[in-house]
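Read the structure below first, then the notes.
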Amino acid sequence: MTAFREDFENQMNQGNFSGANAVLLDMQKADSKSQIFLESQGRYLVRRRDYTLAREALKQCLTAFPKSKSCLVDLASTELQIGTKEEQAEAIRQCLSVVPNDPQCRNMSGINLINSGNYNEAIKVYEELLKDNGNYGFRFDNGMLNWQMALALDGVGRSDEALEHFEQSCRQSFSEACKKLEELSGGAFE
């Protein structure tokens, strides 16, 4: 199943949904109850933005594998898209209870706090994320983190600080987009 997962992730990273779906079908034939299949199925549906089916698949995965980080993160992301405030908060709480230092869970917690009007708590989350950025196995988009921080600061009337973070967000997002474009184009774009 590990080879299936690698092939699936490669297909997803290339944006080849039909290829990823073919790998999913092979996984399903091999073992439809495996953790790898259930996690991959949930991830596929989230990336396809089929949130209703994703929610069902992710809950099925979590019933069988309650500590699945992948499913917890994807369910929290799904609930932020289609869930009620209570469902969002519960999915994020569940995610943080299993992987409390996961940057994705913490970021979603910050988004949820902003959406709920708890700006001061969101500021604390984004101060930590911005301070810790670079210490993770992957890099967050600094522009997005600064954008979320700016929204939280603006929510408590700290307009000057919010403006600084909005400006940083714009500069960093453009810079990171250019780096990604250069990387994806194999250096053809400079």
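Scheme for the structure tokens: letters A, B, ... for chains in order shown; per-chain residue numbers from 1; ligand numbers from 1 in order shown.
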
Polymer residues at most 8 Å from Leu62 of chain A, only C-alpha atoms, same-chain spacing of 4 or more positions, as a PDB file with N, CA and C atoms, in the first residue's frame:
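This went into result.pdb:
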ATOM      1  N   LEU A  58     -13.937  11.052   5.505  1.00  0.00           N
ATOM      2  CA  LEU A  58     -13.010  11.345   6.606  1.00  0.00           C
ATOM      3  C   LEU A  58     -13.557  10.852   7.941  1.00  0.00           C
ATOM      4  N   PRO A  66      -8.936   6.655  14.750  1.00  0.00           N
ATOM      5  CA  PRO A  66      -9.234   7.938  15.395  1.00  0.00           C
ATOM      6  C   PRO A  66      -8.045   8.887  15.551  1.00  0.00           C
ATOM      7  N   LYS A  67      -6.839   8.393  15.442  1.00  0.00           N
ATOM      8  CA  LYS A  67      -5.649   9.247  15.614  1.00  0.00           C
ATOM      9  C   LYS A  67      -4.981   9.591  14.279  1.00  0.00           C
ATOM     10  N   SER A  68      -5.685   9.381  13.168  1.00  0.00           N
ATOM     11  CA  SER A  68      -5.114   9.672  11.855  1.00  0.00           C
ATOM     12  C   SER A  68      -4.941  11.179  11.678  1.00  0.00           C
ATOM     13  N   CYS A  71      -6.406  12.547   8.358  1.00  0.00           N
ATOM     14  CA  CYS A  71      -7.869  12.689   8.347  1.00  0.00           C
ATOM     15  C   CYS A  71      -8.336  13.802   9.274  1.00  0.00           C
ATOM     16  N   LEU A  72      -7.684  13.967  10.415  1.00  0.00           N
ATOM     17  CA  LEU A  72      -8.065  15.039  11.340  1.00  0.00           C
ATOM     18  C   LEU A  72      -7.846  16.407  10.703  1.00  0.00           C
TER      19      LEU A  72
END

- Item | helix (DSSP H, G or I) positions in segment 5-157 of chain A, given as a ChimeraX atom specification | /A:5-13,17-31,35-47,51-64,69-82,85-98,103-115,119-132,142-155

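Using only C-alpha atoms, the shortest contact distance between Ala91 of chain A and any of A:Leu38, A:Val73, A:Ala20, A:Ile123 is found at A:Val73.
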
- Query: Of the candidates A:Asn107, A:Ala152, A:Thr84, A:Asn10, which shows the shortest atom-to-atom distance to Asn120 of chain A, using only C-alpha atoms?
  - Reply: A:Ala152

- Mind checking which residues fall within 8 Å of Tyr119 of chain A, counting only C-alpha atoms, ignoring those fewer than 5 positions away in the same chain, and posting them as a list in words? Leu113, Ile114, Ala152, Leu153, Gly155 and Val156 of chain A

Go ahead and write the residues just picked, C-alpha atoms, as a PDB file, in the first residue's frame.
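To be explicit, this is the file written out as selection-v2.pdb:
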ATOM      1  CA  LEU A 113     -11.007  32.336  16.066  1.00  0.00           C
ATOM      2  CA  ILE A 114     -11.094  35.216  13.561  1.00  0.00           C
ATOM      3  CA  ALA A 152      -6.994  39.691  13.667  1.00  0.00           C
ATOM      4  CA  LEU A 153      -5.168  42.961  14.439  1.00  0.00           C
ATOM      5  CA  GLY A 155     -10.474  43.181  14.417  1.00  0.00           C
ATOM      6  CA  VAL A 156      -9.188  44.710  17.666  1.00  0.00           C
TER       7      VAL A 156
END

- Message: Which residues are close to segment 2-9 of chain A, i.e. within 6 Å by only C-alpha atoms, leaving aside same-chain residues fewer than 2 positions away? Reply as a PyMOL selection string.
- Response: chain A and resi 11-13+20+23

- Message: Given only C-alpha atoms as the basis, pick out the residue of A:Trp147, A:Met108, A:Asn16, A:Gln35 nearest to Thr63 of chain A.
- Response: A:Gln35

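Each of A:Ser34, A:Leu45, A:Cys95, A:Leu80 was compared to Phe65 of chain A using only C-alpha atoms, and A:Ser34 turns out to be the nearest.
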
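Each of A:Asp141, A:Glu39, A:Glu128, A:Glu79 was checked against Gln172 of chain A using only C-alpha atoms; the smallest atom-to-atom distance is that of A:Asp141.
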